[in-house]
Structure formats: structure tokens, C-alpha cells
>>> print(open('upload34.csv').read())   # CSV, C-alpha atoms
chain,number,residue,atom,x,y,z
A,1,MET,CA,-21.3,23.2,43.8
A,2,ARG,CA,-21.0,21.1,40.7
A,3,GLU,CA,-18.5,18.3,40.7
A,4,LYS,CA,-15.8,18.4,38.0
A,5,PRO,CA,-15.9,15.5,35.6
A,6,THR,CA,-13.0,13.1,36.4
A,7,GLN,CA,-10.3,12.9,33.8
A,8,GLU,CA,-7.5,10.5,34.2
A,9,PHE,CA,-4.0,11.0,32.7
A,10,VAL,CA,-1.2,8.5,32.7
A,11,GLY,CA,2.3,8.4,31.3
A,12,PRO,CA,2.9,7.5,27.6
A,13,LYS,CA,4.0,3.9,28.4
A,14,GLU,CA,0.8,3.3,30.5
A,15,ALA,CA,-1.3,4.9,27.8
A,16,GLY,CA,0.2,2.6,25.1
A,17,ALA,CA,-0.4,-0.5,27.3
A,18,SER,CA,-4.0,0.6,28.0
A,19,LEU,CA,-4.6,1.1,24.2
A,20,LEU,CA,-3.2,-2.3,23.4
A,21,LYS,CA,-5.2,-4.0,26.1
A,22,ARG,CA,-8.4,-2.4,25.1
A,23,GLU,CA,-7.8,-3.2,21.4
A,24,ALA,CA,-7.3,-6.8,22.2
A,25,GLY,CA,-10.9,-6.9,23.4
A,26,LEU,CA,-12.3,-5.4,20.3
A,27,PRO,CA,-14.9,-7.5,18.4
A,28,THR,CA,-13.6,-9.7,15.7
A,29,GLY,CA,-14.5,-8.4,12.2
A,30,ASP,CA,-13.0,-7.9,8.8
A,31,SER,CA,-9.3,-9.0,9.0
A,32,VAL,CA,-8.1,-6.1,6.9
A,33,LYS,CA,-9.8,-3.6,9.3
A,34,ARG,CA,-8.2,-5.3,12.3
A,35,PHE,CA,-4.9,-5.2,10.5
A,36,THR,CA,-5.4,-1.4,9.9
A,37,ILE,CA,-6.2,-0.9,13.6
A,38,PHE,CA,-3.1,-2.8,14.9
A,39,LEU,CA,-0.9,-1.1,12.3
A,40,THR,CA,-1.9,2.4,13.4
A,41,THR,CA,-1.2,1.4,17.0
A,42,LEU,CA,2.2,0.3,16.0
A,43,LEU,CA,2.9,3.4,14.0
A,44,ALA,CA,1.8,5.6,17.0
A,45,LEU,CA,3.8,3.6,19.5
A,46,HIS,CA,6.8,3.6,17.1
A,47,GLY,CA,6.8,7.4,17.0
A,48,SER,CA,6.6,7.8,20.8
A,49,ALA,CA,9.6,8.7,22.9
A,50,GLU,CA,9.4,5.3,24.6
A,51,ALA,CA,9.9,3.6,21.3
A,52,ARG,CA,13.2,5.4,20.6
A,53,LYS,CA,14.9,3.6,23.5
A,54,PRO,CA,17.3,0.7,22.6
A,55,GLY,CA,15.4,-2.6,22.4
A,56,ALA,CA,12.0,-0.8,22.3
A,57,HIS,CA,11.1,-2.1,18.9
A,58,GLU,CA,11.3,-5.7,20.1
A,59,GLU,CA,9.3,-4.8,23.2
A,60,LEU,CA,6.6,-3.2,21.1
A,61,MET,CA,6.4,-6.2,18.8
A,62,SER,CA,6.1,-8.4,21.9
A,63,MET,CA,3.1,-6.3,23.1
A,64,LEU,CA,1.1,-7.0,20.0
A,65,PRO,CA,-1.5,-9.7,20.3
A,66,LYS,CA,-0.3,-13.3,19.8
A,67,PHE,CA,-2.3,-16.1,18.3
A,68,ASN,CA,-1.9,-19.8,18.3
A,69,PRO,CA,-0.8,-20.9,14.8
A,70,ALA,CA,-3.2,-23.8,15.0
A,71,ASP,CA,-6.0,-21.2,15.0
A,72,LEU,CA,-4.7,-19.7,11.8
A,73,GLN,CA,-4.4,-22.9,9.8
A,74,PRO,CA,-7.0,-25.3,11.2
A,75,ASN,CA,-6.2,-28.0,8.7
A,76,GLY,CA,-2.5,-27.5,8.8
A,77,GLU,CA,-2.6,-26.5,5.1
A,78,SER,CA,-1.0,-23.4,3.8
A,79,ARG,CA,-3.5,-21.1,2.0
A,80,GLY,CA,-3.0,-18.7,-0.8
A,81,LEU,CA,-0.4,-18.8,-3.5
A,82,THR,CA,2.0,-21.6,-3.9
A,83,PRO,CA,5.4,-21.2,-5.6
A,84,GLU,CA,3.9,-23.0,-8.6
A,85,GLY,CA,1.0,-20.6,-8.6
A,86,MET,CA,3.4,-17.7,-8.4
A,87,ALA,CA,5.4,-19.0,-11.4
A,88,LYS,CA,2.2,-19.3,-13.4
A,89,GLU,CA,1.3,-15.7,-12.7
A,90,ILE,CA,4.7,-14.5,-13.7
A,91,LEU,CA,4.4,-16.3,-17.0
A,92,ALA,CA,0.9,-15.0,-17.5
A,93,LEU,CA,1.8,-11.4,-17.1
A,94,LYS,CA,4.9,-11.8,-19.3
A,95,GLU,CA,2.7,-13.3,-22.0
A,96,LEU,CA,0.1,-10.6,-21.6
A,97,VAL,CA,2.8,-7.9,-22.0
A,98,SER,CA,4.2,-9.6,-25.1
A,99,GLU,CA,0.8,-9.9,-26.7
A,100,ALA,CA,0.0,-6.2,-26.0
A,101,GLN,CA,3.4,-5.2,-27.3
A,102,GLU,CA,2.7,-7.1,-30.5
A,103,ARG,CA,-0.8,-5.7,-30.8
A,104,PHE,CA,0.1,-2.1,-30.2
A,105,GLY,CA,3.5,-2.0,-31.8
A,106,GLY,CA,5.4,-0.1,-29.1
A,107,LYS,CA,9.2,-0.5,-28.7
A,108,HIS,CA,9.4,-0.5,-24.9
A,109,ALA,CA,7.8,-2.7,-22.2
A,110,TRP,CA,8.2,-3.3,-18.5
A,111,ALA,CA,7.0,-6.1,-16.3
A,112,ASP,CA,7.8,-6.8,-12.7
A,113,HIS,CA,6.4,-8.9,-9.8
A,114,THR,CA,6.8,-9.0,-6.1
A,115,PHE,CA,5.4,-11.9,-4.2
A,116,ALA,CA,5.4,-12.8,-0.5
A,117,ILE,CA,3.9,-16.1,0.7
A,118,ASP,CA,3.1,-16.9,4.3
A,119,GLU,CA,6.1,-16.1,6.4
A,120,GLY,CA,8.6,-16.2,3.6
A,121,PRO,CA,10.5,-13.2,2.4
A,122,GLY,CA,9.2,-11.3,-0.6
A,123,ARG,CA,10.5,-12.3,-4.0
A,124,GLU,CA,11.0,-9.9,-6.8
A,125,GLN,CA,11.4,-10.6,-10.5
A,126,GLN,CA,11.8,-7.9,-13.0
A,127,ILE,CA,11.6,-8.3,-16.8
A,128,ALA,CA,12.5,-4.8,-17.5
A,129,ASP,CA,13.3,-2.5,-20.3
A,130,SER,CA,13.8,1.2,-20.0
A,131,LEU,CA,11.0,3.7,-20.3
A,132,PRO,CA,11.2,6.8,-22.4
A,133,PRO,CA,10.6,10.2,-20.8
A,134,GLU,CA,7.3,10.5,-22.7
A,135,GLY,CA,4.9,8.3,-24.5
A,136,THR,CA,1.5,6.6,-24.7
A,137,VAL,CA,1.3,3.3,-22.7
A,138,LEU,CA,-1.0,0.6,-21.5
A,139,VAL,CA,-0.5,0.2,-17.8
A,140,LEU,CA,-1.5,-3.1,-16.1
A,141,VAL,CA,-1.6,-3.3,-12.3
A,142,ASP,CA,-2.4,-6.3,-10.1
A,143,ARG,CA,-2.4,-6.0,-6.3
A,144,GLU,CA,-3.8,-8.6,-4.0
A,145,ILE,CA,-3.4,-9.4,-0.3
A,146,HIS,CA,-4.8,-12.2,1.8
A,147,ILE,CA,-4.6,-12.0,5.5
A,148,GLU,CA,-5.7,-14.7,7.8
A,149,ASP,CA,-8.1,-13.5,10.4
A,150,GLY,CA,-6.3,-12.9,13.7
A,151,SER,CA,-2.8,-13.2,12.4
A,152,ARG,CA,0.0,-11.2,14.0
A,153,LEU,CA,0.8,-8.0,12.3
A,154,GLU,CA,4.5,-8.5,11.8
A,155,ASP,CA,4.3,-12.2,11.0
A,156,PRO,CA,0.9,-12.7,9.3
A,157,ARG,CA,-0.1,-15.9,7.5
A,158,GLN,CA,-0.8,-14.2,4.2
A,159,TYR,CA,0.1,-13.9,0.7
A,160,TYR,CA,0.7,-10.7,-1.1
A,161,LYS,CA,1.3,-10.1,-4.8
A,162,SER,CA,2.2,-7.0,-6.8
A,163,SER,CA,2.5,-7.1,-10.5
A,164,ASN,CA,3.1,-4.2,-12.9
A,165,GLY,CA,3.1,-4.3,-16.7
A,166,ILE,CA,3.7,-1.3,-18.9
A,167,VAL,CA,3.5,-1.5,-22.7
A,168,GLU,CA,4.3,1.4,-25.0
A,169,ILE,CA,1.7,2.1,-27.7
A,170,GLY,CA,3.2,2.6,-31.2
A,171,LYS,CA,2.9,6.0,-32.9
A,172,GLU,CA,0.7,4.5,-35.7
A,173,VAL,CA,-2.1,3.6,-33.2
A,174,LYS,CA,-4.9,6.2,-33.0
A,175,VAL,CA,-5.2,7.7,-29.6
A,176,VAL,CA,-8.5,9.3,-28.4
A,177,PRO,CA,-7.9,12.1,-25.8
A,178,SER,CA,-10.3,12.0,-22.8
A,179,GLY,CA,-9.5,15.5,-21.4
A,180,GLU,CA,-8.8,14.0,-18.0
A,181,GLU,CA,-5.4,15.1,-16.8
A,182,THR,CA,-3.5,14.8,-13.6
A,183,THR,CA,0.0,15.1,-12.2
A,184,VAL,CA,1.6,12.2,-10.4
A,185,ILE,CA,4.8,11.9,-8.3
A,186,GLY,CA,6.9,8.8,-8.3
A,187,TYR,CA,9.8,7.6,-6.1
A,188,GLY,CA,12.2,4.9,-7.1
A,189,ALA,CA,15.7,3.5,-6.7
A,190,THR,CA,16.2,4.3,-10.4
A,191,ALA,CA,14.6,6.8,-12.7
A,192,ASP,CA,12.8,4.0,-14.6
A,193,ARG,CA,11.4,2.5,-11.3
A,194,ALA,CA,10.2,6.0,-10.3
A,195,ILE,CA,8.4,6.3,-13.6
A,196,VAL,CA,6.8,2.9,-13.1
A,197,ASN,CA,5.7,3.6,-9.6
A,198,ALA,CA,4.1,6.9,-10.7
A,199,LEU,CA,2.4,5.4,-13.7
A,200,THR,CA,1.0,2.4,-11.7
A,201,THR,CA,-0.4,4.8,-9.1
A,202,ALA,CA,-2.0,6.8,-12.0
A,203,ALA,CA,-3.5,3.6,-13.3
A,204,GLN,CA,-4.9,2.6,-9.9
A,205,ASN,CA,-6.6,6.1,-9.7
A,206,ALA,CA,-7.8,6.0,-13.3
A,207,PRO,CA,-11.4,6.4,-14.4
A,208,ARG,CA,-12.7,3.0,-15.4
A,209,GLN,CA,-12.4,2.1,-19.1
A,210,LYS,CA,-13.8,-0.7,-21.2
A,211,SER,CA,-11.6,-3.7,-21.1
A,212,PRO,CA,-9.1,-4.0,-24.0
A,213,ARG,CA,-8.9,-7.3,-25.7
A,214,ALA,CA,-5.3,-7.8,-24.4
A,215,ALA,CA,-6.4,-7.5,-20.8
A,216,ARG,CA,-9.8,-9.3,-21.0
A,217,GLU,CA,-8.5,-12.6,-19.8
A,218,ALA,CA,-6.6,-11.3,-16.8
A,219,LYS,CA,-8.4,-11.3,-13.5
A,220,ASN,CA,-8.2,-8.7,-10.8
A,221,LEU,CA,-6.3,-6.4,-13.1
A,222,ASP,CA,-6.5,-2.6,-13.0
A,223,TRP,CA,-5.5,-1.1,-16.3
A,224,CYS,CA,-5.6,2.0,-18.3
A,225,PHE,CA,-4.2,3.7,-21.4
A,226,LEU,CA,-2.5,7.0,-20.7
A,227,LYS,CA,-0.2,9.5,-22.3
A,228,TYR,CA,2.6,10.8,-20.0
A,229,GLN,CA,5.5,13.2,-20.0
A,230,VAL,CA,8.1,13.4,-17.3
A,231,SER,CA,8.2,17.1,-16.3
A,232,ARG,CA,10.7,16.9,-13.5
A,233,ILE,CA,13.4,14.5,-12.4
A,234,GLY,CA,15.5,14.8,-9.3
A,235,LYS,CA,17.0,12.9,-6.3
A,236,ASP,CA,15.1,12.2,-3.1
A,237,ASP,CA,16.7,12.4,0.3
A,238,ARG,CA,17.5,8.6,0.3
A,239,GLY,CA,19.6,8.8,-2.8
A,240,GLY,CA,16.7,7.5,-5.0
A,241,PHE,CA,14.9,9.3,-7.8
A,242,LEU,CA,11.9,11.6,-7.6
A,243,VAL,CA,9.9,12.2,-10.8
A,244,GLU,CA,6.9,14.4,-11.5
A,245,ILE,CA,4.8,13.3,-14.5
A,246,ALA,CA,2.0,14.9,-16.4
A,247,VAL,CA,-0.6,12.3,-17.3
A,248,GLU,CA,-3.6,12.4,-19.6
A,249,TYR,CA,-5.9,9.4,-19.6
A,250,VAL,CA,-6.7,8.4,-23.2
A,251,GLY,CA,-8.6,5.8,-25.2
A,252,ILE,CA,-7.4,3.7,-28.1
A,253,ALA,CA,-9.6,3.7,-31.2
A,254,GLY,CA,-11.1,0.3,-31.8
A,255,GLN,CA,-10.5,-0.9,-28.2
B,1,MET,CA,17.3,-1.8,-3.9
B,2,ASN,CA,14.0,-3.0,-2.6
B,3,ASN,CA,11.0,-1.1,-4.0
B,4,THR,CA,8.9,-1.1,-0.9
B,5,ILE,CA,9.9,2.3,0.5
B,6,PHE,CA,9.7,4.0,-2.9
B,7,GLU,CA,6.3,2.5,-3.7
B,8,THR,CA,5.0,3.4,-0.3
B,9,LYS,CA,6.2,7.0,-0.7
B,10,THR,CA,4.7,7.2,-4.2
B,11,ILE,CA,1.3,6.2,-2.9
B,12,ILE,CA,1.4,8.7,0.0
B,13,ALA,CA,2.7,11.6,-2.2
B,14,ASN,CA,-0.2,11.2,-4.6
B,15,ARG,CA,-3.1,11.2,-2.1
B,16,GLN,CA,-4.5,14.6,-2.8
B,17,ASP,CA,-7.3,14.0,-0.3
B,18,LEU,CA,-4.8,14.1,2.6
B,19,ASP,CA,-3.6,17.6,3.5
B,20,SER,CA,0.0,18.4,2.7
B,21,ALA,CA,1.0,18.4,6.4
B,22,ASP,CA,-0.4,14.9,6.8
B,23,ARG,CA,1.4,13.7,3.7
B,24,GLU,CA,4.7,15.1,4.9
B,25,ARG,CA,4.2,13.6,8.3
B,26,LEU,CA,3.5,10.1,6.8
B,27,LEU,CA,6.4,10.4,4.4
B,28,LYS,CA,8.7,11.0,7.4
B,29,ILE,CA,7.3,8.2,9.5
B,30,VAL,CA,7.6,5.6,6.8
B,31,GLU,CA,11.3,6.5,6.3
B,32,ALA,CA,12.0,5.5,9.9
B,33,LEU,CA,9.9,2.3,10.1
B,34,GLU,CA,11.4,-1.1,10.8
B,35,PRO,CA,11.4,-3.3,7.7
B,36,GLU,CA,8.6,-5.6,8.8
B,37,VAL,CA,6.3,-2.8,9.8
B,38,LEU,CA,7.0,-0.9,6.6
B,39,SER,CA,6.3,-4.1,4.7
B,40,ALA,CA,2.9,-4.5,6.4
B,41,PHE,CA,2.1,-0.8,5.8
B,42,TRP,CA,3.1,-1.0,2.1
B,43,LYS,CA,1.1,-4.2,1.4
B,44,LEU,CA,-2.1,-2.7,2.9
B,45,ILE,CA,-2.0,0.7,1.2
B,46,SER,CA,-0.8,-0.7,-2.2
B,47,VAL,CA,-3.9,-3.0,-2.3
B,48,SER,CA,-6.2,-0.4,-0.8
B,49,PRO,CA,-5.0,3.2,-1.3
B,50,ASN,CA,-8.2,4.3,0.4
B,51,SER,CA,-7.1,2.7,3.6
B,52,LEU,CA,-4.5,5.4,3.9
B,53,LEU,CA,-7.2,7.9,4.9
B,54,LYS,CA,-8.3,5.7,7.8
B,55,ILE,CA,-4.7,4.9,8.8
B,56,ASN,CA,-4.0,8.7,8.9
B,57,GLU,CA,-7.2,9.4,11.0
B,58,LEU,CA,-6.5,6.6,13.5
B,59,PHE,CA,-2.8,7.3,13.7
B,60,LYS,CA,-3.2,11.0,14.4
B,61,ALA,CA,-5.8,10.2,17.2
B,62,LYS,CA,-3.6,7.6,18.8
B,63,ALA,CA,-0.4,9.7,18.6
B,64,GLN,CA,-2.3,12.5,20.3
B,65,ALA,CA,-3.7,10.2,23.0
B,66,LEU,CA,-0.4,8.6,23.7
B,67,ALA,CA,1.4,12.0,23.9
B,68,SER,CA,-1.2,13.4,26.3
B,69,GLY,CA,-1.8,10.2,28.3
B,70,ASP,CA,-5.5,11.1,28.3
B,71,LEU,CA,-7.4,7.9,29.0
B,72,ALA,CA,-10.7,9.5,27.9
B,73,MET,CA,-9.2,9.9,24.4
B,74,ILE,CA,-8.3,6.3,24.4
B,75,ASP,CA,-11.9,5.4,25.3
B,76,LYS,CA,-13.1,7.5,22.3
B,77,ILE,CA,-10.6,5.7,20.0
B,78,ILE,CA,-11.8,2.3,21.1
B,79,LYS,CA,-15.4,3.3,20.4
B,80,THR,CA,-14.5,4.6,16.9
B,81,GLU,CA,-12.6,1.4,16.2
B,82,SER,CA,-15.4,-0.8,17.4
B,83,GLU,CA,-17.8,1.0,15.1
B,84,PHE,CA,-15.3,0.7,12.3
B,85,LEU,CA,-15.1,-3.0,12.7
B,86,GLN,CA,-18.8,-3.4,12.8
B,87,GLU,CA,-19.5,-1.2,9.7
B,88,GLU,CA,-20.6,-3.1,6.7
B,89,GLY,CA,-18.3,-3.2,3.8
B,90,ASN,CA,-14.6,-3.7,3.3
B,91,ILE,CA,-12.0,-0.9,2.9
B,92,VAL,CA,-10.1,-3.0,0.3
>>> encode(input="upload34.csv", output="C-alpha cells")
Amino acid sequence: MREKPTQEFVGPKEAGASLLKREAGLPTGDSVKRFTIFLTTLLALHGSAEARKPGAHEELMSMLPKFNPADLQPNGESRGLTPEGMAKEILALKELVSEAQERFGGKHAWADHTFAIDEGPGREQQIADSLPPEGTVLVLVDREIHIEDGSRLEDPRQYYKSSNGIVEIGKEVKVVPSGEETTVIGYGATADRAIVNALTTAAQNAPRQKSPRAAREAKNLDWCFLKYQVSRIGKDDRGGFLVEIAVEYVGIAGQ
Amino acid sequence: MNNTIFETKTIIANRQDLDSADRERLLKIVEALEPEVLSAFWKLISVSPNSLLKINELFKAKAQALASGDLAMIDKIIKTESEFLQEEGNIV
């Protein structure tokens, strides 16, 4: 008689503890990959019945691996962006948006930044205009994260920056259709913010283009020209806005 | 109002390579996340939208393993994660 293979089952709490214990012994590697692994564990634990009990969130956080801060900053120096560096980047994008607006002759422009440095809270700055429901725009997107290897998920030594610039292209500029079209969805606290979120996502997914002169100096910048039209606008279930936008990626003659 | 939740939902809603049930599940999960976990999630997928596919794959496997309490499934997840960490290349 063949012996049945053994299969061990435990309760959800024990299963969670087992997963965390085993993951703590995983080999070191790319810090973003480790970050992804711990994040998915937290998401799975967060959705479990155990996690819905009062105080469970704190307990879950305390279960995540802890590291000695001295291991994270061996020289005692803070890495990444400084407040001064952050201020320079804000001015650089503002200048880039102004230059592009002057070059392309559009009436509307949008620029915003979110920065988080080390353990500090995120800071947002918005130099905003309103965006029309349709138009042709240059979209500039900058996203960068630096995670110290081995940092705690909820309290990582890191910096993060997110910058968006949108510049309307004037009607006198010759637009070259690419034939590549898509539909994007955007959520936002305001209709303008929902449009910005949708257009920046469209830019991140855009086919690569030759760098326009306006963006040539900027590093780590995703950008594209696109023509858009808001086809639907409504409210989402958090009281924010939900927009659906038809997008066509375009080129600009001479760029 | 902070843009984190809205940008996170925008990125998820536009991932056509996730099936619609997975997108809906992730949209519901992020609505309920504690702010610091949401912030970590948002930063990662905004820098690396492709990481959302790996997050979805690992999250589904872990949720299933935790719900069933099957330690063999946890073994399999650890093996997958170990291989993932040792793969060459970065997901960002």
C-alpha cells in the first residue's frame, strides 16, 4: 500500500508567521525586489481575517523584519535628495514648463511635485492651471525612488520624487498623427487632477519618441506629445473624479 | 486631498495586462490600506508600473496560501521568491 504524501495545514495566523519567518531567511538581492516581496506579504496579511481585529495593523507591522539603522546609513550620512536638491528640481521643472509653453504657444500648463525624503512626510507643491477637456499637449513625467537595501517597509530610508509637467501645444503648431491610439482612465480629487493622472499614465506607457529640444536637458524624464479628448467624466466612490480619455500619440513637426 | 490613492488607482485601472477581476480586486484592496502601506505601494508602482504584475502574482499566491493554511504552498512561494531575487535584472 502506497503511503500518502504528508501535507500540513495550519491556521491563518500560523501560516502568516511561517511565511514571514521563511521570507526573513531569503537571500539578499535587489532592494526593490525585496521591497516587492515584503509589500505583497503585508497586502496578503492585511486582507486576512486576523488583520481585521483591533490592533492587528500594529501587530502586523511589528512582525515585519527590523534592521539596525546603523546598517542602513553606515557613515551616518543621509543619502538621496536634500531639501536644497528638492528645491532645485522644483525650479528646474517650472523653468522647463515655462520654456516649453513659450516654444509651443499653448495657453495652459500644469506642474506639480511630490517629494518624500528619508522618514519625513511627503511634500507636495503644485503650480497649476486648469486643463481643457481636449487639446494637444507635451507631457513630462519624472518618477524616481531610492530604497536602502534592507530598510523596513513602512519606514524605509529612501527618497521618492514624482514630478508632472503638462504644456498645451498652440493651434498654430503642426501636429503629425502617429495612428497609435488608446483610452486611459484617471482618478483624482478634482477633475483637473484626474486628467493629469490619466495623461501622465499615458505618457509613461507611450512609445518612445525622439527627445524634443525642450526636454533634452532633463534627466530621467519620460515625455511624449499626445492629443487627448475627455470622453467621460463622473464621480468615483470616494467622492473624487473619474475620467475616461481618448488619447492619440502624436509628433510635432520640426521636433 | 492627497493624490496618492488617486494616482495608485489610475495606474491599476490602466493595466490592461491584468484581467479585470484582478484589477477590481486590487482597486478594492488599495482603498482599505493604511496610509503608510498605501504610500509604499504607490511609490513602487508609480516608479515601476511593471512591478504591479509581480505584485499581483505574489499577492494572489500568498492570499490563497494564508487562507488555506497549506504549508506546502508557502514552500512553493518561498522558492518562487528566492528565484525572483536571484534573477538578473531589475523590475524598475
>>> residues_around(input="upload34.csv", residues="Tyr249 (chain A)", least_positions_apart="2", cutoff="7 Å", atoms="all atoms listed in the file", output="count of residues only")
7
>>> atom_distance(input="upload34.csv", atom1="CA of Trp110 (chain A)", atom2="CA of Asn14 (chain B)")
21.8 Å
>>> closest_residue(input="upload34.csv", among="A:Glu134, A:Glu14, A:Asp237, A:Glu23", to="Ile77 (chain B)", atoms="all atoms listed in the file")
A:Glu23
>>> residues_around(input="upload34.csv", residues="Thr8 (chain B)", least_positions_apart="6", cutoff="12 Å", atoms="only C-alpha atoms", output="PyMOL selection string")
(chain A and resi 185-188+194+197-198+201) or (chain B and resi 2+14-15+23+26-31+33+37-49+52)
>>> write_last_selection(input="upload34.csv", atoms="C-alpha atoms", output="PDB file, in the coordinates of the input")
ATOM      1  CA  ILE A 185       4.800  11.900  -8.300  1.00  0.00           C
ATOM      2  CA  GLY A 186       6.900   8.800  -8.300  1.00  0.00           C
ATOM      3  CA  TYR A 187       9.800   7.600  -6.100  1.00  0.00           C
ATOM      4  CA  GLY A 188      12.200   4.900  -7.100  1.00  0.00           C
ATOM      5  CA  ALA A 194      10.200   6.000 -10.300  1.00  0.00           C
ATOM      6  CA  ASN A 197       5.700   3.600  -9.600  1.00  0.00           C
ATOM      7  CA  ALA A 198       4.100   6.900 -10.700  1.00  0.00           C
ATOM      8  CA  THR A 201      -0.400   4.800  -9.100  1.00  0.00           C
TER       9      THR A 201
ATOM     10  CA  ASN B   2      14.000  -3.000  -2.600  1.00  0.00           C
ATOM     11  CA  ASN B  14      -0.200  11.200  -4.600  1.00  0.00           C
ATOM     12  CA  ARG B  15      -3.100  11.200  -2.100  1.00  0.00           C
ATOM     13  CA  ARG B  23       1.400  13.700   3.700  1.00  0.00           C
ATOM     14  CA  LEU B  26       3.500  10.100   6.800  1.00  0.00           C
ATOM     15  CA  LEU B  27       6.400  10.400   4.400  1.00  0.00           C
ATOM     16  CA  LYS B  28       8.700  11.000   7.400  1.00  0.00           C
ATOM     17  CA  ILE B  29       7.300   8.200   9.500  1.00  0.00           C
ATOM     18  CA  VAL B  30       7.600   5.600   6.800  1.00  0.00           C
ATOM     19  CA  GLU B  31      11.300   6.500   6.300  1.00  0.00           C
ATOM     20  CA  LEU B  33       9.900   2.300  10.100  1.00  0.00           C
ATOM     21  CA  VAL B  37       6.300  -2.800   9.800  1.00  0.00           C
ATOM     22  CA  LEU B  38       7.000  -0.900   6.600  1.00  0.00           C
ATOM     23  CA  SER B  39       6.300  -4.100   4.700  1.00  0.00           C
ATOM     24  CA  ALA B  40       2.900  -4.500   6.400  1.00  0.00           C
ATOM     25  CA  PHE B  41       2.100  -0.800   5.800  1.00  0.00           C
ATOM     26  CA  TRP B  42       3.100  -1.000   2.100  1.00  0.00           C
ATOM     27  CA  LYS B  43       1.100  -4.200   1.400  1.00  0.00           C
ATOM     28  CA  LEU B  44      -2.100  -2.700   2.900  1.00  0.00           C
ATOM     29  CA  ILE B  45      -2.000   0.700   1.200  1.00  0.00           C
ATOM     30  CA  SER B  46      -0.800  -0.700  -2.200  1.00  0.00           C
ATOM     31  CA  VAL B  47      -3.900  -3.000  -2.300  1.00  0.00           C
ATOM     32  CA  SER B  48      -6.200  -0.400  -0.800  1.00  0.00           C
ATOM     33  CA  PRO B  49      -5.000   3.200  -1.300  1.00  0.00           C
ATOM     34  CA  LEU B  52      -4.500   5.400   3.900  1.00  0.00           C
TER      35      LEU B  52
END
>>> atom_distance(input="upload34.csv", atom1="CA of Ala246 (chain A)", atom2="CA of Ile5 (chain B)")
22.5 Å
>>> closest_residue(input="upload34.csv", among="B:Asp70, B:Gln16, B:Leu53, B:Glu34", to="chain A", atoms="only C-alpha atoms")
B:Asp70
>>> atom_distance(input="upload34.csv", atom1="CA of Phe6 (chain B)", atom2="CA of Ala203 (chain A)")
16.8 Å
>>> interface_residues(input="upload34.csv", of="chain A", to="chain B", cutoff="7 Å", atoms="only C-alpha atoms", output="tab-separated table (two decimals) with C-alpha atoms, in the frame of the given file")
chain	number	residue	atom	x	y	z
A	7	GLN	CA	-10.30	12.90	33.80
A	8	GLU	CA	-7.50	10.50	34.20
A	9	PHE	CA	-4.00	11.00	32.70
A	10	VAL	CA	-1.20	8.50	32.70
A	11	GLY	CA	2.30	8.40	31.30
A	12	PRO	CA	2.90	7.50	27.60
A	15	ALA	CA	-1.30	4.90	27.80
A	16	GLY	CA	0.20	2.60	25.10
A	19	LEU	CA	-4.60	1.10	24.20
A	23	GLU	CA	-7.80	-3.20	21.40
A	26	LEU	CA	-12.30	-5.40	20.30
A	27	PRO	CA	-14.90	-7.50	18.40
A	29	GLY	CA	-14.50	-8.40	12.20
A	30	ASP	CA	-13.00	-7.90	8.80
A	33	LYS	CA	-9.80	-3.60	9.30
A	36	THR	CA	-5.40	-1.40	9.90
A	40	THR	CA	-1.90	2.40	13.40
A	41	THR	CA	-1.20	1.40	17.00
A	43	LEU	CA	2.90	3.40	14.00
A	44	ALA	CA	1.80	5.60	17.00
A	143	ARG	CA	-2.40	-6.00	-6.30
A	144	GLU	CA	-3.80	-8.60	-4.00
A	145	ILE	CA	-3.40	-9.40	-0.30
A	154	GLU	CA	4.50	-8.50	11.80
A	160	TYR	CA	0.70	-10.70	-1.10
A	184	VAL	CA	1.60	12.20	-10.40
A	185	ILE	CA	4.80	11.90	-8.30
A	186	GLY	CA	6.90	8.80	-8.30
A	187	TYR	CA	9.80	7.60	-6.10
A	188	GLY	CA	12.20	4.90	-7.10
A	189	ALA	CA	15.70	3.50	-6.70
A	197	ASN	CA	5.70	3.60	-9.60
A	198	ALA	CA	4.10	6.90	-10.70
A	201	THR	CA	-0.40	4.80	-9.10
>>> closest_residue(input="upload34.csv", among="A:Lys161, A:His146, A:Val141, A:Leu42", to="Asn205 (chain A)", atoms="all atoms listed in the file")
A:Val141
>>> closest_residue(input="upload34.csv", among="A:Ala87, A:Leu140, A:Ala92, A:Val173", to="Gln204 (chain A)", atoms="only C-alpha atoms")
A:Leu140
>>> closest_residue(input="upload34.csv", among="A:Pro177, A:Gly165, A:Pro132, A:Gly85", to="Gln101 (chain A)", atoms="only C-alpha atoms")
A:Gly165
>>> closest_residue(input="upload34.csv", among="A:His113, A:Lys235, A:Thr190, A:His108", to="Ile166 (chain A)", atoms="all atoms listed in the file")
A:His108
